[in-house]
Structures are given as C-alpha cells and as structure tokens.
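final18.cif, holding mmCIF, C-alpha atoms:
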```
data_query
loop_
_atom_site.group_PDB
_atom_site.id
_atom_site.type_symbol
_atom_site.label_atom_id
_atom_site.label_comp_id
_atom_site.auth_asym_id
_atom_site.auth_seq_id
_atom_site.Cartn_x
_atom_site.Cartn_y
_atom_site.Cartn_z
ATOM 1 C CA MET A 152 93.062 83.802 84.368
ATOM 2 C CA THR A 153 95.073 80.939 82.904
ATOM 3 C CA ALA A 154 98.325 79.796 84.440
ATOM 4 C CA PRO A 155 101.323 78.759 82.359
ATOM 5 C CA THR A 156 101.254 75.020 81.676
ATOM 6 C CA GLY A 157 104.918 74.143 82.221
ATOM 7 C CA ARG A 158 106.138 71.727 84.833
ATOM 8 C CA ARG A 159 108.369 74.199 86.657
ATOM 9 C CA PRO A 160 107.154 75.971 89.798
ATOM 10 C CA LEU A 161 105.562 79.381 89.384
ATOM 11 C CA LEU A 162 107.085 82.532 90.832
ATOM 12 C CA PHE A 163 104.464 85.196 91.555
ATOM 13 C CA LEU A 164 106.257 88.540 91.500
ATOM 14 C CA ASP A 165 105.059 91.756 93.099
ATOM 15 C CA VAL A 166 106.598 95.029 91.883
ATOM 16 C CA ASP A 167 106.281 97.783 94.496
ATOM 17 C CA GLY A 168 108.623 96.841 97.308
ATOM 18 C CA PRO A 169 110.439 93.841 95.789
ATOM 19 C CA LEU A 170 111.511 95.420 92.472
ATOM 20 C CA ILE A 171 110.917 99.090 93.221
ATOM 21 C CA PRO A 172 111.971 99.808 96.812
ATOM 22 C CA PHE A 173 110.094 102.593 98.567
ATOM 23 C CA GLY A 174 110.797 102.557 102.269
ATOM 24 C CA ARG A 175 113.604 105.115 102.479
ATOM 25 C CA THR A 176 113.841 108.865 102.257
ATOM 26 C CA PRO A 177 114.062 109.732 98.530
ATOM 27 C CA PRO A 178 117.679 110.995 98.491
ATOM 28 C CA GLU A 179 118.804 107.588 99.811
ATOM 29 C CA TYR A 180 117.411 105.584 96.896
ATOM 30 C CA THR A 181 119.784 104.147 94.362
ATOM 31 C CA THR A 182 118.631 105.216 90.920
ATOM 32 C CA TYR A 183 119.475 103.775 87.527
ATOM 33 C CA ASP A 184 120.170 105.393 84.189
ATOM 34 C CA MET A 185 117.029 106.072 82.154
ATOM 35 C CA THR A 186 118.928 106.992 78.957
ATOM 36 C CA GLY A 187 117.205 105.543 75.924
ATOM 37 C CA VAL A 188 113.989 104.766 77.786
ATOM 38 C CA ALA A 189 110.867 105.849 75.905
ATOM 39 C CA PRO A 190 109.594 109.202 77.250
ATOM 40 C CA ASP A 191 106.215 107.831 78.352
ATOM 41 C CA VAL A 192 108.037 105.171 80.382
ATOM 42 C CA ALA A 193 110.803 107.458 81.682
ATOM 43 C CA ASP A 194 108.206 109.858 83.120
ATOM 44 C CA HIS A 195 107.041 107.279 85.664
ATOM 45 C CA PRO A 196 108.329 108.638 89.013
ATOM 46 C CA PHE A 197 109.428 105.284 90.459
ATOM 47 C CA LEU A 198 111.070 103.637 87.444
ATOM 48 C CA PRO A 199 114.541 105.103 88.093
ATOM 49 C CA ARG A 200 114.538 102.887 91.227
ATOM 50 C CA LEU A 201 114.133 99.730 89.102
ATOM 51 C CA ASP A 202 117.486 97.973 88.791
ATOM 52 C CA PRO A 203 117.703 96.441 85.291
ATOM 53 C CA ALA A 204 119.972 93.708 86.728
ATOM 54 C CA HIS A 205 116.890 92.081 88.279
ATOM 55 C CA GLY A 206 115.885 90.798 84.846
ATOM 56 C CA GLY A 207 118.889 88.518 84.504
ATOM 57 C CA MET A 208 118.633 87.330 88.101
ATOM 58 C CA LEU A 209 114.928 86.536 87.694
ATOM 59 C CA SER A 210 115.509 84.774 84.365
ATOM 60 C CA ALA A 211 118.163 82.565 85.970
ATOM 61 C CA LEU A 212 115.660 81.132 88.475
ATOM 62 C CA ALA A 213 114.238 77.686 87.669
ATOM 63 C CA CYS A 214 110.598 78.753 87.506
ATOM 64 C CA ASP A 215 107.894 80.312 85.367
ATOM 65 C CA LEU A 216 107.622 84.016 86.199
ATOM 66 C CA VAL A 217 104.162 85.556 86.607
ATOM 67 C CA TRP A 218 103.352 89.184 87.451
ATOM 68 C CA ALA A 219 101.337 89.306 90.687
ATOM 69 C CA THR A 220 101.033 93.048 91.085
ATOM 70 C CA ALA A 221 98.534 95.880 91.042
ATOM 71 C CA TRP A 222 100.465 97.039 87.945
ATOM 72 C CA GLN A 223 98.809 94.106 86.149
ATOM 73 C CA HIS A 224 99.453 94.291 82.362
ATOM 74 C CA GLU A 225 101.322 97.589 82.732
ATOM 75 C CA ALA A 226 104.156 95.518 84.217
ATOM 76 C CA ASN A 227 104.715 94.112 80.727
ATOM 77 C CA THR A 228 104.572 97.601 79.204
ATOM 78 C CA TYR A 229 106.771 99.500 81.658
ATOM 79 C CA LEU A 230 108.890 96.937 83.488
ATOM 80 C CA ALA A 231 109.540 93.860 81.354
ATOM 81 C CA PRO A 232 111.401 95.782 78.601
ATOM 82 C CA ARG A 233 113.463 97.666 81.203
ATOM 83 C CA LEU A 234 114.386 94.348 82.815
ATOM 84 C CA GLY A 235 115.049 92.524 79.555
ATOM 85 C CA LEU A 236 112.207 90.109 80.254
ATOM 86 C CA PRO A 237 109.723 88.794 77.719
ATOM 87 C CA GLU A 238 106.043 89.535 78.181
ATOM 88 C CA LEU A 239 104.974 87.544 81.231
ATOM 89 C CA PRO A 240 101.618 86.103 82.246
ATOM 90 C CA VAL A 241 99.667 88.357 84.622
ATOM 91 C CA VAL A 242 97.401 87.432 87.520
ATOM 92 C CA GLU A 243 94.248 89.430 86.958
ATOM 93 C CA TRP A 244 92.617 90.417 90.205
ATOM 94 C CA LEU A 245 88.941 89.628 90.290
ATOM 95 C CA GLU A 246 86.700 91.410 92.725
ATOM 96 C CA THR A 247 85.502 89.103 95.469
ATOM 97 C CA LEU A 248 83.507 91.567 97.505
ATOM 98 C CA ASP A 249 81.844 88.822 99.525
ATOM 99 C CA LEU A 250 85.262 87.633 100.762
ATOM 100 C CA ASP A 251 87.168 90.924 100.876
ATOM 101 C CA GLY A 252 85.661 92.080 104.171
ATOM 102 C CA HIS A 253 86.236 88.718 105.797
ATOM 103 C CA ASP A 254 89.823 88.538 104.572
ATOM 104 C CA GLU A 255 90.532 92.074 105.742
ATOM 105 C CA ARG A 256 89.222 91.255 109.231
ATOM 106 C CA THR A 257 91.283 88.064 109.450
ATOM 107 C CA GLY A 258 94.451 89.673 108.062
ATOM 108 C CA LEU A 259 94.564 87.666 104.827
ATOM 109 C CA HIS A 260 96.223 89.578 101.977
ATOM 110 C CA TRP A 261 93.902 90.439 99.089
ATOM 111 C CA LYS A 262 96.147 88.477 96.664
ATOM 112 C CA THR A 263 96.375 85.210 98.594
ATOM 113 C CA ARG A 264 93.213 83.426 97.423
ATOM 114 C CA ALA A 265 93.774 84.462 93.802
ATOM 115 C CA LEU A 266 97.360 83.193 93.762
ATOM 116 C CA VAL A 267 96.411 79.795 95.147
ATOM 117 C CA ALA A 268 93.606 79.552 92.583
ATOM 118 C CA TYR A 269 95.945 80.594 89.758
ATOM 119 C CA ALA A 270 98.585 78.045 90.804
ATOM 120 C CA ALA A 271 95.954 75.312 90.554
ATOM 121 C CA GLY A 272 98.066 72.795 92.456
ATOM 122 C CA ARG A 273 101.466 73.747 91.042
ATOM 123 C CA PRO A 274 104.302 74.491 93.451
ATOM 124 C CA PHE A 275 104.876 78.231 93.719
ATOM 125 C CA VAL A 276 106.883 81.031 95.250
ATOM 126 C CA TRP A 277 105.204 84.324 96.069
ATOM 127 C CA VAL A 278 107.582 87.297 96.358
ATOM 128 C CA ASP A 279 105.952 90.312 98.010
ATOM 129 C CA ASP A 280 106.614 92.851 100.755
ATOM 130 C CA GLU A 281 103.213 92.466 102.431
ATOM 131 C CA ILE A 282 103.077 88.741 103.208
ATOM 132 C CA THR A 283 102.157 87.827 106.782
ATOM 133 C CA GLY A 284 101.898 84.674 108.855
ATOM 134 C CA THR A 285 98.166 84.651 108.136
ATOM 135 C CA ASP A 286 98.891 84.264 104.413
ATOM 136 C CA THR A 287 101.430 81.517 105.049
ATOM 137 C CA ALA A 288 98.986 79.567 107.233
ATOM 138 C CA TRP A 289 96.134 80.001 104.724
ATOM 139 C CA VAL A 290 98.278 78.775 101.833
ATOM 140 C CA ALA A 291 99.463 75.773 103.886
ATOM 141 C CA ALA A 292 95.829 74.861 104.609
ATOM 142 C CA HIS A 293 94.442 75.469 101.102
ATOM 143 C CA HIS A 294 97.210 74.679 98.621
ATOM 144 C CA GLY A 295 97.839 71.010 97.987
ATOM 145 C CA THR A 296 101.589 71.199 97.365
ATOM 146 C CA HIS A 297 104.774 73.112 98.092
ATOM 147 C CA ALA A 298 104.715 76.887 98.345
ATOM 148 C CA LEU A 299 107.181 79.469 99.578
ATOM 149 C CA LEU A 300 105.836 82.845 100.620
ATOM 150 C CA HIS A 301 108.896 85.069 100.587
ATOM 151 C CA ARG A 302 108.591 88.476 102.201
ATOM 152 C CA VAL A 303 110.977 91.147 100.887
ATOM 153 C CA ASP A 304 112.043 94.240 102.813
ATOM 154 C CA SER A 305 110.340 97.082 100.900
ATOM 155 C CA ARG A 306 113.091 99.513 101.926
ATOM 156 C CA GLU A 307 115.738 97.458 100.131
ATOM 157 C CA GLY A 308 113.907 95.425 97.486
ATOM 158 C CA LEU A 309 115.118 92.037 96.308
ATOM 159 C CA SER A 310 118.664 91.440 97.522
ATOM 160 C CA PRO A 311 121.348 88.864 96.662
ATOM 161 C CA ALA A 312 120.349 86.978 99.834
ATOM 162 C CA ASP A 313 116.717 86.879 98.640
ATOM 163 C CA TYR A 314 117.788 85.497 95.254
ATOM 164 C CA ALA A 315 119.937 82.842 96.962
ATOM 165 C CA GLU A 316 117.001 81.735 99.108
ATOM 166 C CA LEU A 317 114.645 81.631 96.120
ATOM 167 C CA ALA A 318 117.135 79.654 94.009
ATOM 168 C CA ALA A 319 117.699 77.128 96.819
ATOM 169 C CA TRP A 320 113.966 76.594 97.351
ATOM 170 C CA LEU A 321 113.317 76.262 93.608
ATOM 171 C CA ARG A 322 116.188 73.793 93.256
ATOM 172 C CA ASP A 323 114.599 71.593 95.936
ATOM 173 C CA ALA A 324 110.940 72.094 94.908
ATOM 174 C CA PRO A 325 109.259 69.121 93.279
ATOM 175 C CA ALA A 326 108.150 69.535 89.682
ATOM 176 C CA ALA A 327 104.421 69.861 89.193
ATOM 177 C CA GLU A 328 102.752 66.587 88.391
ATOM 178 C CA ALA A 329 101.175 66.363 84.964
ATOM 179 C CA ALA A 330 97.773 65.970 86.603
ATOM 180 C CA ASP A 331 98.320 69.200 88.529
ATOM 181 C CA GLU A 332 98.957 71.260 85.401
ATOM 182 C CA CYS A 333 96.278 73.624 84.225
ATOM 183 C CA GLY A 334 95.759 74.840 80.734
#
```

Could you render the structure as structure tokens?
Amino acid sequence: MTAPTGRRPLLFLDVDGPLIPFGRTPPEYTTYDMTGVAPDVADHPFLPRLDPAHGGMLSALACDLVWATAWQHEANTYLAPRLGLPELPVVEWLETLDLDGHDERTGLHWKTRALVAYAAGRPFVWVDDEITGTDTAWVAAHHGTHALLHRVDSREGLSPADYAELAAWLRDAPAAEAADECG
C-alpha cells in the first residue's frame, strides 16, 4: 500500500455514510438521476443516493484524495466516474488478526492503524461516519503530525458545513515535510 507522494495533506474518504447516506427511512432519501449510467453501475441499490456534486466539492479541497472504504478498488469503478473524479489511490485493508481482537475490545476502529501507517507521517484528514474518541486519541498518540478525524452524520452524508470545516482545516494544515513523504 503506497501513499501518494505529494506535499499536500491526504484526505481518507469513506463511502457508506459520508457519500452515500443510509440512516433514514428509504422514502426520505434524496436520489439523483441515473440516466446515462452504465447498467452494471446503475443496478447498485445505493448509487442513486450518491450526489454527483460531491466530486467538484472534493476536488476543490487542498489535499490528495484517497479511498478509505470497504468498497476498495470498486470505488474507482462505481463511484469515481459518477463523481467526475479521476481514479484515486485506495487503502488496501490488510488482515491483522493478532490486533483485531484487541482493537475491537478497546473500541479502536478497524481502519485506524492502517490509515496512520498509510499516511506515513503526512498530515491527513479522515472522513468517516464511525470515528470515535478512541480513534482520535490513538491517532494523536501514534501519528507524528497533524490529523483531523472528521465524523459525518450517516443519515445526512457530507454537508456544506462539513466541507467548510474540512477546507478550513486543510487551509491551516502544514505541508508535509520532504522527509515525511513516502514513495
């Protein structure tokens, strides 16, 4: 799993919850036009909930976007084209069975260790709907630089207020030092 080598902060992006809201009763969801979407993509039951406007808002952020989702590479197949995004790097989840039980007992999210390892010292934002205080404390103790763990309401998905907070943090985040870059 190789991180992008730019100097901008990383933005680890989860899909279910932040981009595809799922906390409401189905008739209450806003859905988006699927006209022109390839049939194999259009058949996915949750994709009508994906607002294509997210692509432009994500692209406008001063960061390097990285998929951090159980969708893994399918995010590039099903979501990136719908959002108007290029193919993005993907965090590949490695099994860490020796740590999984411990993390589950302590309340650490199964993504947390992998994201800190992937960032390799670069400042990062993690956008997810399952982040807890345990994750925030673990990242503060184990990541050597700035990080923002931004929890999104899974019923609503990313909102204008979320984007404003992300943009403000990214504007103030220090650039990664050349020595902190990985390649």

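Distance-wise, CA of His205 (chain A) and CA of Thr186 (chain A) end up 17.7 Å apart.
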
Neighbour list for Gly308 (chain A) as an MDAnalysis selection string, cut-off 12 Å, all atoms listed in the file, skip fewer than 2 positions in-chain:
chainID A and resid 164:175 180:181 200:202 205 278:280 301:306 310:314

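The two atoms in question, CA of Ala221 (chain A) and CA of Ala324 (chain A), are spaced 27.1 Å apart.
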
From the list A:Ala298, A:Ala318, A:Leu309, A:Val242, which residue is nearest Gln223 (chain A) when using only C-alpha atoms?
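Of the candidates, the smallest distance to Gln223 (chain A) is held by A:Val242.
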
How would you write, as an mmCIF file with C-alpha atoms, keeping the file's coordinate frame, the residues chosen by the PyMOL selection byres ((chain A and resi 240) around 6) on this structure?
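New file out_21.cif:
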```
data_model
loop_
_atom_site.group_PDB
_atom_site.id
_atom_site.type_symbol
_atom_site.label_atom_id
_atom_site.label_comp_id
_atom_site.auth_asym_id
_atom_site.auth_seq_id
_atom_site.Cartn_x
_atom_site.Cartn_y
_atom_site.Cartn_z
ATOM 1 C CA VAL A 217 104.162 85.556 86.607
ATOM 2 C CA LEU A 239 104.974 87.544 81.231
ATOM 3 C CA VAL A 241 99.667 88.357 84.622
#
```

If the PyMOL selection byres ((chain A and resi 226-231) around 10) were run on this exact file, what residues would it hold? Put them as an MDAnalysis selection string.
chainID A and resid 165:166 170 188:189 191:193 195 198 201 203 206 218:225 232:241

I need the output of the PyMOL selection byres ((chain A and resi 263) around 10) for this file as a short mmCIF file (atom, residue, chain, number, x, y, z; two decimals) with C-alpha atoms, in the coordinates of the input; which residues are they?
```cif
data_model
loop_
_atom_site.label_atom_id
_atom_site.label_comp_id
_atom_site.auth_asym_id
_atom_site.auth_seq_id
_atom_site.Cartn_x
_atom_site.Cartn_y
_atom_site.Cartn_z
CA ASP A 254 89.82 88.54 104.57
CA LEU A 259 94.56 87.67 104.83
CA HIS A 260 96.22 89.58 101.98
CA TRP A 261 93.90 90.44 99.09
CA LYS A 262 96.15 88.48 96.66
CA ARG A 264 93.21 83.43 97.42
CA ALA A 265 93.77 84.46 93.80
CA LEU A 266 97.36 83.19 93.76
CA VAL A 267 96.41 79.80 95.15
CA ALA A 268 93.61 79.55 92.58
CA TYR A 269 95.94 80.59 89.76
CA TRP A 277 105.20 84.32 96.07
CA ILE A 282 103.08 88.74 103.21
CA THR A 285 98.17 84.65 108.14
CA ASP A 286 98.89 84.26 104.41
CA THR A 287 101.43 81.52 105.05
CA TRP A 289 96.13 80.00 104.72
CA VAL A 290 98.28 78.78 101.83
CA LEU A 300 105.84 82.84 100.62
#
```

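Straight-line separation from CA of Ala204 (chain A) to CA of Glu243 (chain A): 26.1 Å.
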
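Closest to Ala319 (chain A) among A:Leu245, A:Ala292, A:Ala270, A:Ala213 is A:Ala213, based on all atoms listed in the file.
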
Taking into account only C-alpha atoms, which residue in the set A:Met185, A:Pro325, A:Pro196, A:Leu299 is nearest to Phe275 (chain A)?
A:Leu299

Restricting the calculation to all atoms listed in the file: of A:Glu281, A:Arg273, A:Thr182, A:Arg159, which residue gets closest to Leu212 (chain A)?
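Selected residue with least distance to Leu212 (chain A): A:Arg159.
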
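Counting all atoms listed in the file, the residue from A:Phe197, A:Trp244, A:Trp320, A:Asp215 that sits nearest to Pro160 (chain A) is A:Asp215.
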
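Minimum atom-to-atom distance to Leu209 (chain A), evaluated using all atoms listed in the file, belongs to A:Leu161 out of A:Ala291, A:Asp323, A:His297, A:Leu161.
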